[in-house]
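Beneath this line is the structure, given in structure tokens, with notes to follow.
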Amino acid sequence: MHIATYLGLLHGGENALADTYDVVRTGHADEAGIAHTCRLLAAQCRAHVNALAPIVERYGEHREDEPDRLHAEALPEARTGGVGLLRDLQDLLLLATLVDCSWTAVCQAAQALHDHELIAVVAACQGETKVQQGWLTTQLKAAAPQALLVAR
Amino acid sequence: MADRISDIWGARTPYAAGQEWPVRVDEQLAPDADPGRVRWVPSACVLCSNGCGCDIAVQDGRMVGVRGHAADRISHGRLGPKGLFAGWQAASAPDRLRRPQVRRGGRLVETSWDEAMGLLTATSRRLLDEGGPLTHGFYTTGQLFLEEYYTLGVIGKAGLGTPHMDGNTRLCTATAAAALKETFGCDGQPGSYADVDSADAIFLYGHNVAETQTVLWARILDRLAGPDRPALVCVDPRRTNVADAAEVHLPIRPGTNVALLNALIHEVIRTGAVESGYVAAHTVGFDELARTAAAYPPEEAARICDVPAADIRRAAEIFCHAPRVLSTVLQGVYQSHQATAASCQVNNLHLLRGMLGRPGCGLLQMNGQPTSENTRECGADGDLPGFRNWANQTHIGELAKLWRVDPMVIPHWAEPTHAMQIIRYAEQGSIRLLWIVGTNPVVTLPDVARIRRLLAAEQLFVIAQDCFPTETTELADLVLPAAMWGEKEGTFTNTDRTVHHSGKAVDPPGEARADLDIFLDYAHRMDLRDRDGGPLIRWTDPEGAFTAWQECSRGRPCDYTGLSYARLREGPVQWPCDDARPGGTERLYTDGFFPTRAEQCETYGHDLLTGAAVTPEQYALLRPDGRAVLKAAHYLRPDLGAGDFPLLLTTGRTAYHFHTRTKTARAPHLNAAAPAPWVEVSTADAAELGLAEGDLALVESARGAVRLPVRIARGRPGVVFIPFHYGWWDDPADPHRAANELTETAWDPVSKQPQFKLAAVRLSRAGPDDGTAPAPAQTASAAAGREG
């Protein structure tokens with residue numbers, strides 16, 4: 001059974017996403033709306049990791065180590081300026097999408113396993129991940145014209 | 001006549017449920033006015049969101065007083081202290097702006113209108129050429145007339161094509177609009193002021209109505225003095241006059257409204273008070289709401305809010321058992337970190353009991369300013385005209401057809417930019433022309449040190465259009481003198497959808513012009529044209545603008561097509577008013593059907609935690625189809641930042657002043673009643689800090705510091721209060737005394753309303769007793785020890 005691999009992907013993905021929210025929050029502290037929400041969402045990702053703990057206890061966890069393929073890695077530091085913010089939001093959206101995909105795969109397996117506890121965890125967490133994607137998309141749409149056309 | 005400075009609410013005229021509120025006509029004339037020679041010009045008061053109908057007294061070409069309209073549905077003849085004094089007295093203040101001013105060599109010097117408008121249009125053209133419409137931002141107000149908002153909205157959205165238009169209404173009324181949109185699909189006040197006349201219980205959430213809308217409080221006081229007084233429930237950390245009169249006062253910890261409201265919902269569900277038939281037929285979302293509220297038994301809310309669980313239970317009992325409940329909501333809820341989430345829960349409570357659209361069962365998501373409703377309708381703020389949905393292509397198509405422009409010209413790729421983001425773009429230099437109208441952001445926005453800095457920046461061309469010199473005009477590159485109330489004609493709509501016509505009583509001073517005329521001149525000089533090459537703006541006067549707006553409102557929930565200037569001159573009317581409803585509409589949603597159909601709604605809604613926009617596809621799955629949306633939210637602890645700031649600061653209005661006192665400080669009696677700022681501290685905190693009444697205190701936050709005299713007041717421990725009115729124009733010696741030196745740049749994720757009610761601060765004694773603080777004695781600012 002390879003569910004442990006996907007639990008590892010989720011664990012790593014949520015952590016990378018949480019860390020990146022923190023990086024964007026501190027790097028773009030002057031963007032007050034974005035910074036405040038990033039703090040909330042970082043906490044949300046870490047709560048997802050905690051919610052996974054009993055599941056990991058049951059199935060174990062395997063961390064992939066495949067550096068030459070697309071994988072979740074936190075941003076080392078925030079970019080600057082309007083376009084920099086846009087690219088940071090885009091990176092966050094990619095990470096959140098990666099996490100969302102992992103939840104989907106785990107959810108499918110949980111259903112096949114009839115694992116009600118895991119299904120409940122996925123239902124609670126993946127909904128929030130989808131809202132994160134929605135928020136990032138909303139921010140990206142609003143910020144793009146100003147950043148790409150008139151930012152100095 | 002009573003001294004209406006000390007007697008804020010005037011003589012009682014008690015009445016019983018179901019009766020008409022008795023008439024009491026208030027009047028104030030200048031000492032030198034001759035009642036025999038005075039000419040009366042019908043208008044309505046613009047000193048709060050009530051909009052009390054009144055006549056302006058005119059003698060020898062000058063405003064000399066005011067009197068209430070006995071037949072007015074809002075006031076039944078009354079006026080509050082501000083209404084009695086501020087408008088007409090401020091109009092004749094010697095320091096009115098009379099000529100345009102331009103900054104030359106660092107100084108503002110007078111210039112002609114032709115030069116001023118020439119400079120404005122040349123700068124505007126140059127920036128449009130260099131960077132396009134996104135270089136232009138408008139930060140306006142809740143105090144223009146409908147005709148001015150609509151004209152400006154068309155100029156900005158169809159002429160220039162900038163999404164950067166908002167007003168100080170973002171600070172006062174944005175959450176009211178946001179919560180109504182989230183729950184009912186569209187803006188529009190459900191209730192009516194007349195609901196006071198028959199309510200059995202009145203819940204006031206963060207709404208110090210005794211000071212913010214004194215005439216509405218007089219109406220409530222008259223019910224309380226009558227034979228069948230309604231039960232009052234007051235949610236406010238301060239001991240306000242409302243709290244004094246309340247059956248239950250819940251002085252909750254600031255920022256905990258959602259927990260309290262969830263507990264009330266919990267009790268409504270637990271005790272079986274839910275009107276199941278109504279909920280099933282007219283709402284979606286009940287299951288999730290019930291799941292969320294289940295986490296908030298009164299004991300849990302009591303812990304979070306720091307009030308007794310028994311008091312929460314008692315409030316819930318009143319809500320569950322009263323046949324008719326009126327709820328009102330204002331800044332205590334709106335200027336918080338979970339503003340929209342909390343306001344939606346008040347909507348939910350009424351939906352759960354099916355208490356909407358009937359006399360006494362009202363819901364008033366209040367406005368702060370007299371005409372803020374109009375900027376919401378007309379699209380001079382972060383909304384599209386006629387409550388249209390920026391994400392609905394059909395709605396955009398309607399506007400494009402009406403304005404004869406390409407739909408692409410109308411910025412609708414995202415929600416219109418909110419005020420704090422406009423300010424941020426100006427700070428970063430991507431907005432390079434900021435046109436400020438009728439507002440004073442250097443005093444009123446959060447963290448004013450930052451605002452001063454960014455408005456003074458070389459790269460930003462600031463236009464300030466106002467009636468008076470203000471802290472903001474001092475920083476402007478171009479100052480345009482505007483006519484005020486009584487000096488121009490127009491209409492405006494109060495917080496319960498009542499439309500008044502306001503006549504021109506006198507000419508403006510010097511060369512000052514009506515805001516409408518300034519906007520029309522700009523459009524003309526910019527040669528703004530429609531797709532056929534004709535002028536974009538085809539009207540030249542207020543009535544023409546009103547007619548154009550009526551067409552824009554046709555078929556929308558705020559339909560004005562049944563109105564006219566002639567009709568409004570006879571008296572006020574509540575919208576919607578059209579062929580089918582020629583008498584207007586007292587209450588919305590009498591049939592339980594809401595404007596939530598996808599093709600009708602103003603928004604598809606937002607996630608209450610983050611503000612993420614709900615997509616059209618998600619909305620389609622929700623299938624509200626005319627049902628209201630019960631939106632649930634968990635309580636979220638506010639993020640108050642780091643550092644040793646153990647107290648919470650809230651800011652607010654006091655009975656004698658409005659905004660930054662541009663009008664009220666120029667009315668001598670009002671000014672004398674509260675001439676300078678103060679800080680209110682609870683008895684317990686004062687004892688711990690060694691502060692006595694009148695001591696000078698240093699109040700510090702992570703943003704800044706102010707030194708203010710201490711009033712030891714009756715508020716809850718841990719919370720301090722500073723009135724937000726005081727800038728430094730009348731006390732240049734103390735340039736750092738504004739409450740907003742301390743507040744934080746933070747806002748609600750949905751309404752984007754800044755959280756003025758939540759700033760972490762610390763206090764220390766900075767100087768000895770200097771007598772008593774300059775705080776009023778009859779209001780929430782009364783000294784501790786005085787019993788209500």
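Identifiers in this document derive from the order of the structure tokens: chains are assigned A, B, ..., residues are numbered from 1 separately in each chain, and ligands are numbered from 1 in order of occurrence.
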
For the contact check between chain A and chain B, emit one row per residue of chain A within 7 Å, containing the shortest atom pair and the distance in Å rounded to one decimal, counting only C-alpha atoms, chain then rising number order, as a Markdown table.
| residue | atom | partner | partner_atom | distance |
| --- | --- | --- | --- | --- |
| A:Ala32 | CA | B:Ala746 | CA | 6.0 |
| A:Gly33 | CA | B:Ala746 | CA | 6.6 |
| A:Thr37 | CA | B:Thr610 | CA | 6.4 |
| A:Val131 | CA | B:Ala612 | CA | 6.7 |
| A:Gly134 | CA | B:Ala612 | CA | 5.3 |
| A:Trp135 | CA | B:Ala612 | CA | 4.0 |
| A:Thr138 | CA | B:Ala612 | CA | 5.9 |
| A:Lys141 | CA | B:Ala414 | CA | 6.2 |
| A:Ala142 | CA | B:Ala414 | CA | 5.4 |
| A:Gln146 | CA | B:Leu134 | CA | 6.7 |
| A:Val150 | CA | B:Ser430 | CA | 5.3 |
| A:Ala151 | CA | B:Ser430 | CA | 5.0 |
| A:Arg152 | CA | B:Ser430 | CA | 6.2 |

For range 52-63 of chain A, find every residue with an atom within 9 Å (counting only C-alpha atoms), except residues of its own chain fewer than 3 positions away, and show them as a PyMOL selection string. chain A and resi 1-12+47-49+117-118+121-122

If you keep N, CA, C and O atoms, can you produce a file of those selected residues as a short mmCIF file (atom, residue, chain, number, x, y, z; two decimals), in the first residue's frame?
data_model
loop_
_atom_site.label_atom_id
_atom_site.label_comp_id
_atom_site.auth_asym_id
_atom_site.auth_seq_id
_atom_site.Cartn_x
_atom_site.Cartn_y
_atom_site.Cartn_z
N MET A 1 0.84 -1.20 0.00
CA MET A 1 0.00 0.00 0.00
C MET A 1 0.88 1.26 0.00
O MET A 1 1.84 1.35 0.75
N HIS A 2 0.52 2.22 -0.84
CA HIS A 2 1.36 3.42 -0.98
C HIS A 2 0.74 4.68 -0.40
O HIS A 2 1.16 5.78 -0.71
N ILE A 3 -0.29 4.45 0.42
CA ILE A 3 -0.93 5.65 0.97
C ILE A 3 0.06 6.46 1.80
O ILE A 3 -0.04 7.70 1.87
N ALA A 4 1.03 5.77 2.39
CA ALA A 4 2.04 6.47 3.20
C ALA A 4 2.80 7.50 2.35
O ALA A 4 3.17 8.57 2.83
N THR A 5 3.02 7.16 1.08
CA THR A 5 3.71 8.10 0.20
C THR A 5 2.89 9.38 0.04
O THR A 5 3.43 10.49 0.11
N TYR A 6 1.57 9.21 -0.11
CA TYR A 6 0.75 10.40 -0.30
C TYR A 6 0.56 11.18 0.99
O TYR A 6 0.44 12.41 0.97
N LEU A 7 0.55 10.48 2.12
CA LEU A 7 0.50 11.21 3.39
C LEU A 7 1.77 12.03 3.55
O LEU A 7 1.73 13.17 4.04
N GLY A 8 2.88 11.47 3.09
CA GLY A 8 4.14 12.22 3.12
C GLY A 8 4.08 13.44 2.22
O GLY A 8 4.51 14.54 2.59
N LEU A 9 3.50 13.27 1.01
CA LEU A 9 3.35 14.40 0.09
C LEU A 9 2.49 15.50 0.70
O LEU A 9 2.81 16.69 0.62
N LEU A 10 1.39 15.07 1.34
CA LEU A 10 0.48 16.05 1.96
C LEU A 10 1.17 16.79 3.10
O LEU A 10 1.09 18.02 3.19
N HIS A 11 1.85 16.00 3.94
CA HIS A 11 2.54 16.59 5.08
C HIS A 11 3.57 17.62 4.61
O HIS A 11 3.59 18.77 5.07
N GLY A 12 4.39 17.20 3.64
CA GLY A 12 5.40 18.12 3.11
C GLY A 12 4.77 19.31 2.41
O GLY A 12 5.23 20.45 2.56
N ALA A 47 -2.75 23.35 11.06
CA ALA A 47 -3.84 22.58 11.66
C ALA A 47 -4.14 21.34 10.81
O ALA A 47 -4.49 20.28 11.34
N HIS A 48 -4.00 21.48 9.50
CA HIS A 48 -4.21 20.31 8.62
C HIS A 48 -3.17 19.23 8.94
O HIS A 48 -3.50 18.04 8.97
N VAL A 49 -1.94 19.65 9.14
CA VAL A 49 -0.88 18.68 9.48
C VAL A 49 -1.25 17.96 10.78
O VAL A 49 -1.14 16.73 10.87
N GLU A 117 -12.80 7.85 9.14
CA GLU A 117 -12.04 8.88 9.85
C GLU A 117 -11.24 9.71 8.84
O GLU A 117 -11.24 10.94 8.89
N LEU A 118 -10.60 9.04 7.91
CA LEU A 118 -9.80 9.76 6.91
C LEU A 118 -10.70 10.58 5.99
O LEU A 118 -10.37 11.72 5.63
N VAL A 121 -11.46 13.73 7.75
CA VAL A 121 -10.32 14.65 7.77
C VAL A 121 -10.18 15.35 6.41
O VAL A 121 -10.03 16.57 6.33
N VAL A 122 -10.30 14.57 5.35
CA VAL A 122 -10.18 15.16 4.01
C VAL A 122 -11.28 16.19 3.79
O VAL A 122 -11.03 17.30 3.30
#

Fewer than 6 positions away in the same chain doesn't count, so skip those; otherwise give me all residues within 7 Å of range 626-630 of chain B, counting only C-alpha atoms, as number ranges by chain. B: 183-184, 282-286, 289, 348, 593-597

If you run DSSP on this backbone, which residues of chain A come out as helix (DSSP H, G or I), and could you give them as number ranges by chain? A: 3-27, 32-59, 81-113, 116-149

Restricting the calculation to only C-alpha atoms, which member of B:Pro675, B:Val23, B:Arg98, B:Phe145 is positioned closest to Pro542 in chain B?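 Of the candidates, the smallest distance to Pro542 in chain B is held by B:Phe145.
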